[in-house]
Number of protein chains: 2
Amino acid sequence: MRRKLIVVSNRGPVTFSRDSDGRRVAGRGGGGLAGALRGLTEENDVVWIASAMSDEDREVAREGASVCEGYELRLIAHDAGVYEQYYGEISNGALWFLQHYLWGLASEPDLGPAFHAAWQGYVAANRAFADAVAGELERMPEADVSFHDYHLYLAPRFVRERCPRASLSHFLHIPWVQPDYWRVLPTAVGRAIHEGLAANDTVGFHSERWRRSFLESCEAFGVESPATFVAPIGIDADEFDVLAESEAVAAEEAHIVARRPELLVVRVDRTDPSKNIVRGFRAFALLLERHPELAGRVGMLALLDPSRQHVSVYAEYRAAVEREARVVNERFGRPGWEPVDLEVADNFPQAVAAYKQYDVLLVNAVYDGMNLVAKEGPIANRRDGVLVLSENAGAFDELGEWALGVNPFDLEEQAEALHEALTMPAAERRRRAEAIAGWVRGHGIDEWTATLLAELDRHTSTITSP
Amino acid sequence: MRRKLIVVSNRGPVTFSRDSDGRRVAGRGGGGLAGALRGLTEENDVVWIASAMSDEDREVAREGASVCEGYELRLIAHDAGVYEQYYGEISNGALWFLQHYLWGLASEPDLGPAFHAAWQGYVAANRAFADAVAGELERMPEADVSFHDYHLYLAPRFVRERCPRASLSHFLHIPWVQPDYWRVLPTAVGRAIHEGLAANDTVGFHSERWRRSFLESCEAFGVESPATFVAPIGIDADEFDVLAESEAVAAEEAHIVARRPELLVVRVDRTDPSKNIVRGFRAFALLLERHPELAGRVGMLALLDPSRQHVSVYAEYRAAVEREARVVNERFGRPGWEPVDLEVADNFPQAVAAYKQYDVLLVNAVYDGMNLVAKEGPIANRRDGVLVLSENAGAFDELGEWALGVNPFDLEEQAEALHEALTMPAAERRRRAEAIAGWVRGHGIDEWTATLLAELDRHTSTITSP
């Protein structure tokens, strides 16, 4: 029996535009989350509620629900000013920084009138999502609701007020920080976020660490926690295998093979301050300083997807990344050898080609809810490459045993880990690489979606019974 | 019976110099901590171990123990380079920022070779302190040892290794942050700090909040916590009463009275980023914006003791403070009314005079172990002034009930609290002011020192018994 499911995320799985003949066409929506959730639509009757992103999306929103391949899509056309407050200022301008410990509290944040006004936009957008969900629940009261991520903290409570018996679940894809840091927000805002989440029957996280911090911060805010669970998200390894053998990837791989040094360290990231790219370059420089025997033999290929470049913090961070790469190259480079090869582009086939070619994959995020690069890379890699992995990435829970774990703030430890990885005996490299690939293949995206649904079943009865 | 006590703090109660006739003279040591501990010397046989600060201190150190008024002083002459690493780079350059959540983790800290080298200096200085303590314990094995603050995290363990049965206690005067933030340090460093403190029989804090975070971080590092206690430090109200009636204060007060507006908001701080001075000015500006009826009637007097101006972060912070004061004055000032009166000077009589004159005392620290301004002000004040107090100051535990509590990041809340304070009915102002003064007088410095000693007695037996 197919289950009725309402999936709620800021970005939908498709976004609409008009082609040159004026016909409506659906393109793949941006963001990794929608891709991960797409699997839910295959075995369930899904209504997907998301924000309208394009002008054509707004047109779709005005027409009401749109039937896509096997599911219904309901788009919400927010007022443009409200959307900027909700998405740009609160979700990505405040909550993202908060939930990755990126604020230096002496000067950031400055919670003045602009923040308080933007918060009203976040409330309004969440209310719009909740109204849409409640409308769907009137039509099919037996449906389960699956909310996703930090854009939608308040919506569950607004739904609960209208539909006391609804079956509500939320999944958090980014880290959860400890109570002191949550208390940075205005008290009423922090409490509203916790009360919003607590209106769910169950809340899920990628890591036990984030789950535990959530329980602590609920206690600090005096909010009774709902049931919680841990379900680390996986990837679709089969899909990845096909991609890795594609012509687009082969073409990119040929370019990399033609210019790669003997030993190749790869990193693949968005240019986000949470990804710790500058410290990664500094650690690589320290490796070169400590190990002159590596000169000319090792290179770092950094493939960076430019992120949110209209936001000044992000533009400045990208500039700092580019500056640091130049510093390393000027200090250590010589004719015929450029230690850091920095490519800022949105080019996924190139990333997969680099995955295949790395000897070491560096994932040193400051904090990261999961980090899928650490799972994609080992699936695609063909050289028994070693994973150097931040202890603050959710993926460390699963893969830490076979990776070389590093403190992302400690340059010495990262330099040492790179050296250990580059000089590791072949048998040891293979043992670790196979173990990681085996784990990732054995715990794919289907397991994650199955857990999400099972947790909904396990916990809904506690609230829906009279 | 007088107790034998070894007090250990980085700064001693006196520092030596030569007068114009070449005779050695003892002057009062800097820092508030030594003053607070001086009371311990009155009723106990005290040996005080501290760092040599001046050239003459180094001379004293070479001569061995020096007998001061009623206690012995043993000064440690650190190598100058080691002292800079221990004091400048680790204690104040890293631990102070860490323990007040002042790092923006995207770019700070950068734990490279300089940090790791400096850590060795911190280890060496702590070992020198431990050697001095162990030497004294050989001479008088029955003495209790009282360590103070964040400069000396490792010394207790070094002492314990040499003197397994020693009675060791540590008191922390700054906040303790939650485990995620402690984990920013290199893993071995974070563990060494926790193991160092855990070698004490008992560890004390100003606030239950810091104590609880300590228990959490011990658990995160897998270190068994020693016994812990909370003892909020008080002030010597009698000494303060005398000071408040002194001629020096009266002269300063006359200056303030001559120029003060109808309503006076006062803040007294070091120019330290943890004190949140810039946001305080912004909140005051927001008050003026929202309440034009206050124009010309209210002023903020900010008395700031310049702190660590040879350190660039501190020099930059002072510049930001001065810039923000100008911004507020240029925006709101008019002939005859300058909203912000900023005085950067080390002038304690002026601070006490301002305490007497305030209608509102603003203490909005980002984080603060205790904050004694919040206790000194209400003792000296003559106008039933209202205390606006950061929820992140240790003093909030004791005084929050009668103060107007604020989130130090929330400018709107601070502006509203200032307005509420300025418009509070006289009877309510009096009730709160009297309650705070009564609490501070009833819980003075003597109670704190008594608790310190009682906790030593209560817990030492657990380790000293065979």
# chains A, B, ... in the order shown; residues from 1 in each chain; ligands from 1
$ interface_residues --of "chain B" --to "chain A" --cutoff "10 Å" --atoms "only C-alpha atoms" --output "ChimeraX atom specification"
/B:97,100-113,115-116,177-181,183-187,209,213,272-279,282-283,286,317,365-367,391-392,406-415
$ residues_around --residues "Phe396 in chain B" --least-positions-apart "3" --cutoff "12 Å" --atoms "only C-alpha atoms" --output "VMD selection string"
chain B and resid 206 to 209 232 363 to 365 367 to 375 387 to 393 399 to 407 436
$ residues_around --residues "Leu304 in chain B" --least-positions-apart "6" --cutoff "8 Å" --atoms "only C-alpha atoms" --output "PyMOL selection string"
chain B and resi 268-271+342-346
$ atom_distance --atom1 "CA of Glu224 in chain A" --atom2 "CA of Gly196 in chain A"
11.2 Å
$ residues_around --residues "Tyr122 in chain B" --least-positions-apart "6" --cutoff "8 Å" --atoms "only C-alpha atoms" --output "PyMOL selection string"
chain B and resi 82-83+85-87+90-91
$ residues_around --residues "range 291-302 of chain A" --least-positions-apart "6" --cutoff "10 Å" --atoms "only C-alpha atoms" --output "VMD selection string"
chain A and resid 256 260 to 269 277 280 to 281 284 to 285 325 332 to 344 351 354 358 to 362 415 419 422
$ select_by_dssp --residues "range 37-149 of chain A" --states "alpha helix (DSSP H)" --output "ChimeraX atom specification"
/A:37,40-43,55-63,80-83,96-98,113-139
$ residues_around --residues "Arg24 in chain A" --least-positions-apart "4" --cutoff "10 Å" --atoms "only C-alpha atoms" --output "number ranges by chain"
A: 16-20, 56-57, 60
$ write_last_selection --atoms "all heavy atoms" --output "mmCIF file, in the first residue's frame"
data_model
loop_
_atom_site.group_PDB
_atom_site.id
_atom_site.type_symbol
_atom_site.label_atom_id
_atom_site.label_comp_id
_atom_site.auth_asym_id
_atom_site.auth_seq_id
_atom_site.Cartn_x
_atom_site.Cartn_y
_atom_site.Cartn_z
ATOM 1 N N PHE A 16 10.583 25.708 -12.914
ATOM 2 C CA PHE A 16 10.018 25.857 -14.267
ATOM 3 C C PHE A 16 10.548 27.099 -14.968
ATOM 4 O O PHE A 16 10.880 28.099 -14.332
ATOM 5 C CB PHE A 16 8.490 25.932 -14.184
ATOM 6 C CG PHE A 16 7.867 24.671 -13.666
ATOM 7 C CD1 PHE A 16 7.558 24.533 -12.310
ATOM 8 C CD2 PHE A 16 7.605 23.603 -14.523
ATOM 9 C CE1 PHE A 16 6.995 23.360 -11.822
ATOM 10 C CE2 PHE A 16 7.041 22.426 -14.032
ATOM 11 C CZ PHE A 16 6.730 22.304 -12.689
ATOM 12 N N SER A 17 10.588 26.985 -16.299
ATOM 13 C CA SER A 17 10.915 28.152 -17.123
ATOM 14 C C SER A 17 10.175 27.996 -18.447
ATOM 15 O O SER A 17 9.404 27.044 -18.621
ATOM 16 C CB SER A 17 12.426 28.231 -17.338
ATOM 17 O OG SER A 17 12.883 27.050 -17.956
ATOM 18 N N ARG A 18 10.387 28.934 -19.354
ATOM 19 C CA ARG A 18 9.791 28.824 -20.698
ATOM 20 C C ARG A 18 10.905 28.604 -21.712
ATOM 21 O O ARG A 18 11.946 29.258 -21.633
ATOM 22 C CB ARG A 18 9.071 30.135 -21.046
ATOM 23 C CG ARG A 18 7.856 30.431 -20.190
ATOM 24 C CD ARG A 18 6.590 29.878 -20.816
ATOM 25 N NE ARG A 18 5.467 30.023 -19.873
ATOM 26 C CZ ARG A 18 4.239 29.586 -20.118
ATOM 27 N NH1 ARG A 18 3.973 28.957 -21.254
ATOM 28 N NH2 ARG A 18 3.283 29.742 -19.230
ATOM 29 N N ASP A 19 10.685 27.718 -22.646
ATOM 30 C CA ASP A 19 11.715 27.542 -23.671
ATOM 31 C C ASP A 19 11.514 28.595 -24.761
ATOM 32 O O ASP A 19 10.621 29.438 -24.679
ATOM 33 C CB ASP A 19 11.710 26.113 -24.225
ATOM 34 C CG ASP A 19 10.466 25.790 -25.021
ATOM 35 O OD1 ASP A 19 9.683 26.726 -25.330
ATOM 36 O OD2 ASP A 19 10.269 24.610 -25.331
ATOM 37 N N SER A 20 12.334 28.528 -25.806
ATOM 38 C CA SER A 20 12.327 29.589 -26.825
ATOM 39 C C SER A 20 10.995 29.634 -27.572
ATOM 40 O O SER A 20 10.640 30.661 -28.145
ATOM 41 C CB SER A 20 13.488 29.384 -27.804
ATOM 42 O OG SER A 20 13.443 28.051 -28.304
ATOM 43 N N GLU A 56 8.355 31.645 -13.683
ATOM 44 C CA GLU A 56 7.443 30.608 -14.172
ATOM 45 C C GLU A 56 6.924 29.771 -12.991
ATOM 46 O O GLU A 56 5.762 29.346 -12.989
ATOM 47 C CB GLU A 56 8.156 29.713 -15.204
ATOM 48 C CG GLU A 56 7.224 28.807 -15.993
ATOM 49 C CD GLU A 56 6.184 29.573 -16.818
ATOM 50 O OE1 GLU A 56 6.399 30.762 -17.122
ATOM 51 O OE2 GLU A 56 5.142 28.965 -17.131
ATOM 52 N N ASP A 57 7.770 29.565 -11.981
ATOM 53 C CA ASP A 57 7.305 28.895 -10.755
ATOM 54 C C ASP A 57 6.131 29.667 -10.149
ATOM 55 O O ASP A 57 5.164 29.069 -9.673
ATOM 56 C CB ASP A 57 8.433 28.831 -9.708
ATOM 57 C CG ASP A 57 9.492 27.784 -10.021
ATOM 58 O OD1 ASP A 57 9.300 26.998 -10.971
ATOM 59 O OD2 ASP A 57 10.513 27.765 -9.300
ATOM 60 N N VAL A 60 3.115 28.862 -11.983
ATOM 61 C CA VAL A 60 2.649 27.532 -11.570
ATOM 62 C C VAL A 60 1.926 27.642 -10.223
ATOM 63 O O VAL A 60 0.881 27.027 -10.003
ATOM 64 C CB VAL A 60 3.834 26.540 -11.485
ATOM 65 C CG1 VAL A 60 3.392 25.220 -10.837
ATOM 66 C CG2 VAL A 60 4.425 26.290 -12.871
#
$ residues_around --residues "range 239-250 of chain A" --least-positions-apart "6" --cutoff "12 Å" --atoms "only C-alpha atoms" --output "PyMOL selection string"
chain A and resi 35+256-257+347-357+375-382+437+440-441+444-445
$ atom_distance --atom1 "CA of Ile49 in chain A" --atom2 "CA of Val7 in chain A"
6.2 Å
$ select_by_dssp --residues "range 125-198 of chain A" --states "strand (DSSP E)" --output "list in words"
Asp144, Val145, Ser146, Phe147, His148, Ser167, Leu168, Ser169, His170 and Phe171 of chain A
